[in-house]
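Participant: Please read through the structure below; I'll follow up with questions.
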Amino acid sequence: MTPSPAPTLRHRLEYGVFRLLDGVIGRLPWATVQALGEAAGTLFYLVDPRHRRIVRENLRFADLGLSEAETRAMARTCFRHFGALFVGLLRLRRATPEELDRWIKVEGLEHFDAAQASGKGFIQLTGHYGNWEAIALAQSRHGRTLDAIGRELDNPLLEPISLGFRTRFGNRVILKDGAMRETLKALKAGRGVGFLLDQDALTMGVWVKFLGQWASTFGTAGSLAARYGLPVLPVFSWPNPDGTTTVRFEPPFQVPVTGDAAKDAWVATQLMTARIEDQIRKDPRWWFWMHRRFKTRPGEGNPLPAPLPPPEWVESVQLSRV
């Protein structure tokens, strides 16, 4: 493992701000924290024109059929939601197990158990929707731990705090750099590996349809599911009007396998992406529209497989959604 770089002045300043906020917000009532977070999100909406523009452009680019007024209203809601999410993490970090049980309602744990019962490991699928950190925290609180792939924070002073939060109840973190070896070890041990599959993969991805557009998407999860016959376990979360969060596991599914490795990996990636899209379409307010999901466009770089999949592949996968 590469040693962490020495902290810079910026790192120390960030750490000091975190400690100040953590000391105050980490002890406030949950409803107060949520209100402060929404206010912070509203503030950033007003003072951050770059991300405001990205959110609106993404909403217009996706085929959601929103009017301009609806686009602007949803952009404001998006900022409020993620303000509440990120400020709320300071309170969740200090939450007792009993508080977590009150604030995060978990449904469908029997589906997690069914996926794990296969004994050969499984892919736990979600996206940057709702509160993905609450998913991992709540399920591990209920004894359903997993290995999640993630990257180290740029700030070496904050990384141990982040790692402690994510592994509090037994989850494990697989660092993104060189993750394949540890991922295979986890799967061989019968554990689930969590993937957030809604990020732009630049020129390292495969092209799949997402919200009406071609989107470059990391193909590792799909390749593993197809190659090893792993169950795919979708799980999503969303906030409720009473301030709680619902985490819902869906029934696991198998991806089709034909023996054509490239096609099977692509179909699996498309099916997983379609699950995320279906959830977004149910209520688009809770997806992370700040991310430039469609930054990479067809024809840029050399994402694989290339060229774009034949139209009949897309049509067959769209028809096979379960």
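As shown in the structure tokens, the chain order sets the letters A, B, ...; within each chain, residues go from 1, and ligands are also counted from 1 in the order they appear.
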Where in region 3-185 of chain A does DSSP assign helix (DSSP H, G or I), given as a ChimeraX atom specification?

Facilitator: /A:9-25,30-47,49-61,68-92,97-103,109-116,132-141,159-166,179-185

Participant: So which residues touch Gly23 (chain A) within 12 Å, counting only C-alpha atoms, skipping near sequence neighbours fewer than 3 positions away, as a count of residues only?

Facilitator: 12

Participant: Using DSSP on the backbone coordinates, identify the residues of region 86-288 of chain A assigned to strand (DSSP E or B); present them as a ChimeraX atom specification.

Facilitator: /A:104-107,122-126,129,147-150,172-175,192-196,206-210,213-217,232-239,245-249,253,287

Participant: Between CA of Val173 (chain A) and CA of Gln199 (chain A), what is the distance in Å, rounded to a tenth?

Facilitator: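 CA of Val173 (chain A) sits 18.4 Å away from CA of Gln199 (chain A).
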
Participant: With distances taken over only C-alpha atoms, which residue among A:Ala73, A:Ile123, A:Ala268, A:Ala35 lies nearest Ala226 (chain A)?

Facilitator: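 Between A:Ala73, A:Ile123, A:Ala268, A:Ala35, the residue approaching Ala226 (chain A) most closely is A:Ala268.
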
Participant: List every residue of region 87-200 of chain A that has an atom at most 10 Å from any atom of region 283-286 of chain A, giving for each one its closest atom pair and the distance in Å to one decimal, counting only C-alpha atoms, sorted by chain and then by ascending residue number, as a Markdown table.

Facilitator:
```
| residue | atom | partner | partner_atom | distance |
| --- | --- | --- | --- | --- |
| A:His128 | CA | A:Trp286 | CA | 8.4 |
| A:Tyr129 | CA | A:Trp286 | CA | 5.4 |
| A:Gly130 | CA | A:Trp286 | CA | 5.0 |
| A:Asn131 | CA | A:Trp286 | CA | 8.4 |
```

Participant: Limited to C-alpha atoms, could you put the picked residues into a file as an mmCIF file, in the first residue's frame?

Facilitator:
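Output saved as result_21.cif:
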```cif
data_model
loop_
_atom_site.group_PDB
_atom_site.id
_atom_site.type_symbol
_atom_site.label_atom_id
_atom_site.label_comp_id
_atom_site.auth_asym_id
_atom_site.auth_seq_id
_atom_site.Cartn_x
_atom_site.Cartn_y
_atom_site.Cartn_z
ATOM 1 C CA HIS A 128 -25.957 7.792 -6.056
ATOM 2 C CA TYR A 129 -29.629 7.918 -5.225
ATOM 3 C CA GLY A 130 -31.210 8.792 -1.899
ATOM 4 C CA ASN A 131 -28.576 8.161 0.773
#
```

Participant: Which of these residues is nearest to Pro97 (chain A), using only C-alpha atoms: A:Arg141, A:Arg60, A:Arg281, A:Arg76?

Facilitator: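 Ranked by minimum distance to Pro97 (chain A), first place goes to A:Arg141.
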
Participant: Show which residues sit within 12 Å of Asn240 (chain A), as a list in words. Count only C-alpha atoms, and ignore same-chain residues fewer than 5 positions away.

Facilitator: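 Near neighbours after the sequence-gap exclusion: Gln34, His81, Trp103, Ile104, Lys105, Gly130, Asn131, Thr245, Thr246, Val247 and Trp286 of chain A.
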
Participant: Dump N, CA and C atoms for the selected residues as a JSON list (two decimals), in the first residue's frame?

Facilitator:
```
[["chain", "number", "residue", "atom", "x", "y", "z"],
["A", 34, "GLN", "N", -31.33, 18.03, 9.84],
["A", 34, "GLN", "CA", -31.92, 17.99, 8.50],
["A", 34, "GLN", "C", -32.27, 19.40, 8.01],
["A", 81, "HIS", "N", -31.81, 18.43, -0.90],
["A", 81, "HIS", "CA", -31.67, 17.03, -0.48],
["A", 81, "HIS", "C", -30.22, 16.68, -0.17],
["A", 103, "TRP", "N", -34.23, 6.25, 12.57],
["A", 103, "TRP", "CA", -34.05, 7.16, 11.44],
["A", 103, "TRP", "C", -33.99, 6.45, 10.10],
["A", 104, "ILE", "N", -33.56, 5.19, 10.08],
["A", 104, "ILE", "CA", -33.40, 4.45, 8.83],
["A", 104, "ILE", "C", -34.24, 3.18, 8.88],
["A", 105, "LYS", "N", -35.26, 3.10, 8.05],
["A", 105, "LYS", "CA", -36.16, 1.96, 7.99],
["A", 105, "LYS", "C", -35.71, 1.00, 6.88],
["A", 130, "GLY", "N", -30.80, 8.82, -3.30],
["A", 130, "GLY", "CA", -31.21, 8.79, -1.90],
["A", 130, "GLY", "C", -30.02, 9.04, -0.99],
["A", 131, "ASN", "N", -29.72, 8.06, -0.14],
["A", 131, "ASN", "CA", -28.58, 8.16, 0.77],
["A", 131, "ASN", "C", -27.84, 6.83, 0.77],
["A", 245, "THR", "N", -35.40, 7.78, 6.58],
["A", 245, "THR", "CA", -34.94, 7.28, 5.28],
["A", 245, "THR", "C", -35.38, 5.83, 5.13],
["A", 246, "THR", "N", -35.91, 5.50, 3.99],
["A", 246, "THR", "CA", -36.25, 4.10, 3.68],
["A", 246, "THR", "C", -35.12, 3.48, 2.87],
["A", 247, "VAL", "N", -34.69, 2.29, 3.28],
["A", 247, "VAL", "CA", -33.73, 1.48, 2.53],
["A", 247, "VAL", "C", -34.47, 0.21, 2.12],
["A", 286, "TRP", "N", -34.22, 12.49, -6.05],
["A", 286, "TRP", "CA", -33.21, 12.02, -5.11],
["A", 286, "TRP", "C", -31.94, 11.52, -5.77]]
```

Participant: Rank nothing, just name the residue among A:His51, A:Ala31, A:Thr126, A:Leu157 nearest to Leu9 (chain A), using only C-alpha atoms.

Facilitator: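 The answer is A:Leu157, which sits nearest to Leu9 (chain A).
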
Participant: Write out as number ranges by chain the residues lying within 8 Å of Arg151 (chain A), counting only C-alpha atoms and excluding same-chain residues fewer than 2 positions away.

Facilitator: A: 149, 153, 175-177

Participant: For the selection you just gave me, I'd like the residues written to a file as a PDB file, in the first residue's frame, keeping C-alpha atoms.

Facilitator:
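Generated file (part-v8.pdb):
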```pdb
ATOM      1  CA  ILE A 149     -15.453  -0.483  -3.466  1.00  0.00           C
ATOM      2  CA  LEU A 153     -10.229  10.675   0.419  1.00  0.00           C
ATOM      3  CA  LEU A 175      -9.819   0.568  -2.317  1.00  0.00           C
ATOM      4  CA  LYS A 176     -10.449   1.374  -5.970  1.00  0.00           C
ATOM      5  CA  ASP A 177      -6.812   1.174  -6.967  1.00  0.00           C
TER       6      ASP A 177
END
```

Participant: From the options A:Glu70, A:Gly164, A:Gly243, A:Gly192, which residue's atoms come nearest to Val33 (chain A), counting only C-alpha atoms?

Facilitator: A:Gly243

Participant: Tell me which of A:Leu92, A:Leu13, A:Ala221, A:His111 sits closest to Phe165 (chain A), counting only C-alpha atoms.

Facilitator: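 Looking only at the distances to Phe165 (chain A), the closest residue turns out to be A:Leu92.
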
Participant: Check the smallest atom-to-atom distance from each of A:Thr77, A:Thr183, A:Ser237, A:Thr167 to Ala134 (chain A) using only C-alpha atoms, then report the winner.

Facilitator: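 Closest residue, counting only C-alpha atoms: A:Ser237.
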
Participant: So that I can check the surroundings of Asp147 (chain A), please list as a PyMOL selection string every protein, DNA and RNA residue that reaches within 12 Å of it, counting only C-alpha atoms and ignoring chain neighbours fewer than 5 positions away.

Facilitator: chain A and resi 121-125+136-137+139-140+166-167+169-176+179+182-187+189-195

Participant: Take the residues that were just selected and, keeping N, CA, C and O atoms, output them as a short mmCIF file (atom, residue, chain, number, x, y, z; two decimals), in the first residue's frame.

Facilitator:
```cif
data_model
loop_
_atom_site.label_atom_id
_atom_site.label_comp_id
_atom_site.auth_asym_id
_atom_site.auth_seq_id
_atom_site.Cartn_x
_atom_site.Cartn_y
_atom_site.Cartn_z
N GLY A 121 -21.01 -15.57 -3.48
CA GLY A 121 -20.88 -14.13 -3.50
C GLY A 121 -21.93 -13.51 -4.40
O GLY A 121 -22.62 -14.21 -5.15
N PHE A 122 -22.07 -12.20 -4.33
CA PHE A 122 -23.08 -11.53 -5.15
C PHE A 122 -22.68 -10.08 -5.34
O PHE A 122 -21.82 -9.54 -4.63
N ILE A 123 -23.31 -9.45 -6.32
CA ILE A 123 -23.12 -8.03 -6.60
C ILE A 123 -24.26 -7.26 -5.93
O ILE A 123 -25.43 -7.52 -6.23
N GLN A 124 -23.94 -6.36 -5.02
CA GLN A 124 -24.96 -5.48 -4.46
C GLN A 124 -24.95 -4.19 -5.27
O GLN A 124 -23.95 -3.47 -5.31
N LEU A 125 -26.05 -3.90 -5.92
CA LEU A 125 -26.13 -2.82 -6.90
C LEU A 125 -26.91 -1.64 -6.35
O LEU A 125 -28.03 -1.80 -5.86
N ALA A 136 -25.42 1.23 3.46
CA ALA A 136 -24.36 0.38 4.00
C ALA A 136 -24.35 0.39 5.52
O ALA A 136 -24.15 -0.64 6.17
N LEU A 137 -24.58 1.56 6.11
CA LEU A 137 -24.58 1.68 7.56
C LEU A 137 -25.72 0.88 8.17
O LEU A 137 -25.53 0.12 9.12
N GLN A 139 -27.65 -1.60 6.84
CA GLN A 139 -27.66 -3.04 6.64
C GLN A 139 -26.63 -3.73 7.53
O GLN A 139 -26.89 -4.82 8.06
N SER A 140 -25.49 -3.09 7.72
CA SER A 140 -24.49 -3.70 8.60
C SER A 140 -24.94 -3.65 10.05
O SER A 140 -24.62 -4.56 10.84
N ARG A 166 -17.57 4.04 7.76
CA ARG A 166 -18.07 3.03 6.82
C ARG A 166 -17.92 1.60 7.33
O ARG A 166 -18.64 0.71 6.88
N THR A 167 -17.00 1.37 8.22
CA THR A 167 -16.74 0.01 8.71
C THR A 167 -17.23 -0.20 10.15
O THR A 167 -16.91 -1.22 10.76
N PHE A 169 -19.92 -1.17 11.67
CA PHE A 169 -20.65 -2.38 12.06
C PHE A 169 -20.18 -3.61 11.29
O PHE A 169 -20.90 -4.60 11.20
N GLY A 170 -18.98 -3.55 10.72
CA GLY A 170 -18.41 -4.76 10.11
C GLY A 170 -18.27 -4.74 8.61
O GLY A 170 -17.77 -5.72 8.03
N ASN A 171 -18.73 -3.70 7.95
CA ASN A 171 -18.46 -3.59 6.51
C ASN A 171 -16.96 -3.47 6.27
O ASN A 171 -16.21 -3.06 7.16
N ARG A 172 -16.55 -3.80 5.05
CA ARG A 172 -15.15 -3.64 4.67
C ARG A 172 -15.08 -2.78 3.41
O ARG A 172 -15.98 -2.82 2.58
N VAL A 173 -14.02 -2.02 3.29
CA VAL A 173 -13.82 -1.14 2.14
C VAL A 173 -12.70 -1.70 1.27
O VAL A 173 -11.60 -2.00 1.77
N ILE A 174 -12.98 -1.85 -0.01
CA ILE A 174 -11.98 -2.25 -0.99
C ILE A 174 -11.56 -1.00 -1.74
O ILE A 174 -12.39 -0.34 -2.38
N LEU A 175 -10.29 -0.64 -1.65
CA LEU A 175 -9.82 0.57 -2.32
C LEU A 175 -9.84 0.38 -3.83
O LEU A 175 -9.52 -0.69 -4.35
N LYS A 176 -10.25 1.44 -4.53
CA LYS A 176 -10.45 1.37 -5.97
C LYS A 176 -9.19 0.98 -6.72
O LYS A 176 -9.24 0.19 -7.66
N ALA A 179 -8.47 -2.93 -7.10
CA ALA A 179 -9.59 -3.53 -6.36
C ALA A 179 -9.93 -4.94 -6.81
O ALA A 179 -10.55 -5.69 -6.05
N GLU A 182 -8.92 -7.99 -4.43
CA GLU A 182 -9.70 -8.06 -3.19
C GLU A 182 -11.16 -8.36 -3.46
O GLU A 182 -11.83 -9.02 -2.65
N THR A 183 -11.67 -7.89 -4.59
CA THR A 183 -13.05 -8.19 -4.96
C THR A 183 -13.23 -9.68 -5.17
O THR A 183 -14.20 -10.29 -4.68
N LEU A 184 -12.32 -10.28 -5.90
CA LEU A 184 -12.42 -11.72 -6.16
C LEU A 184 -12.29 -12.52 -4.87
O LEU A 184 -12.98 -13.53 -4.68
N LYS A 185 -11.44 -12.07 -3.96
CA LYS A 185 -11.30 -12.76 -2.67
C LYS A 185 -12.60 -12.68 -1.88
O LYS A 185 -13.03 -13.66 -1.27
N ALA A 186 -13.24 -11.51 -1.90
CA ALA A 186 -14.50 -11.35 -1.17
C ALA A 186 -15.59 -12.24 -1.76
O ALA A 186 -16.35 -12.90 -1.03
N LEU A 187 -15.69 -12.27 -3.08
CA LEU A 187 -16.69 -13.10 -3.73
C LEU A 187 -16.43 -14.58 -3.46
O LEU A 187 -17.37 -15.36 -3.20
N ALA A 189 -15.17 -15.81 -0.90
CA ALA A 189 -15.56 -16.06 0.49
C ALA A 189 -17.07 -16.01 0.69
O ALA A 189 -17.56 -16.17 1.81
N GLY A 190 -17.83 -15.77 -0.40
CA GLY A 190 -19.28 -15.75 -0.32
C GLY A 190 -19.87 -14.42 0.11
O GLY A 190 -21.05 -14.36 0.46
N ARG A 191 -19.07 -13.36 0.08
CA ARG A 191 -19.55 -12.05 0.51
C ARG A 191 -20.09 -11.26 -0.67
O ARG A 191 -19.74 -11.50 -1.83
N GLY A 192 -20.94 -10.29 -0.34
CA GLY A 192 -21.42 -9.38 -1.36
C GLY A 192 -20.43 -8.24 -1.55
O GLY A 192 -19.77 -7.81 -0.60
N VAL A 193 -20.33 -7.76 -2.77
CA VAL A 193 -19.48 -6.60 -3.09
C VAL A 193 -20.37 -5.51 -3.65
O VAL A 193 -21.13 -5.74 -4.60
N GLY A 194 -20.31 -4.33 -3.05
CA GLY A 194 -21.18 -3.23 -3.44
C GLY A 194 -20.60 -2.39 -4.56
O GLY A 194 -19.41 -2.04 -4.53
N PHE A 195 -21.42 -2.08 -5.54
CA PHE A 195 -21.02 -1.25 -6.67
C PHE A 195 -22.00 -0.09 -6.81
O PHE A 195 -23.22 -0.30 -6.81
#
```

Participant: Please measure the separation of CA of Ala201 (chain A) and CA of Phe294 (chain A), giving the value in Å to one decimal.

Facilitator: 9.5 Å

Participant: With only C-alpha atoms as the counted atoms, please give the residues lying no more than 10 Å from Ala75 (chain A), apart from itself and same-chain residues fewer than 6 positions off, as a list of chain:residue names.

Facilitator: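 Using only C-alpha atoms, the neighbours found are A:Tyr45, A:His51, A:Arg52, A:Arg53, A:Ile54, A:Val55, A:Arg56, A:Glu57, A:Asn58, A:Leu59, A:Ala69, A:His81, A:Arg285, A:Trp289, A:Met290.
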
Participant: Would you work out the distance separating CA of Leu21 (chain A) from CA of Gly83 (chain A), expressed in Å to one decimal?

Facilitator: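 CA of Gly83 (chain A) lies 14.0 Å from CA of Leu21 (chain A).
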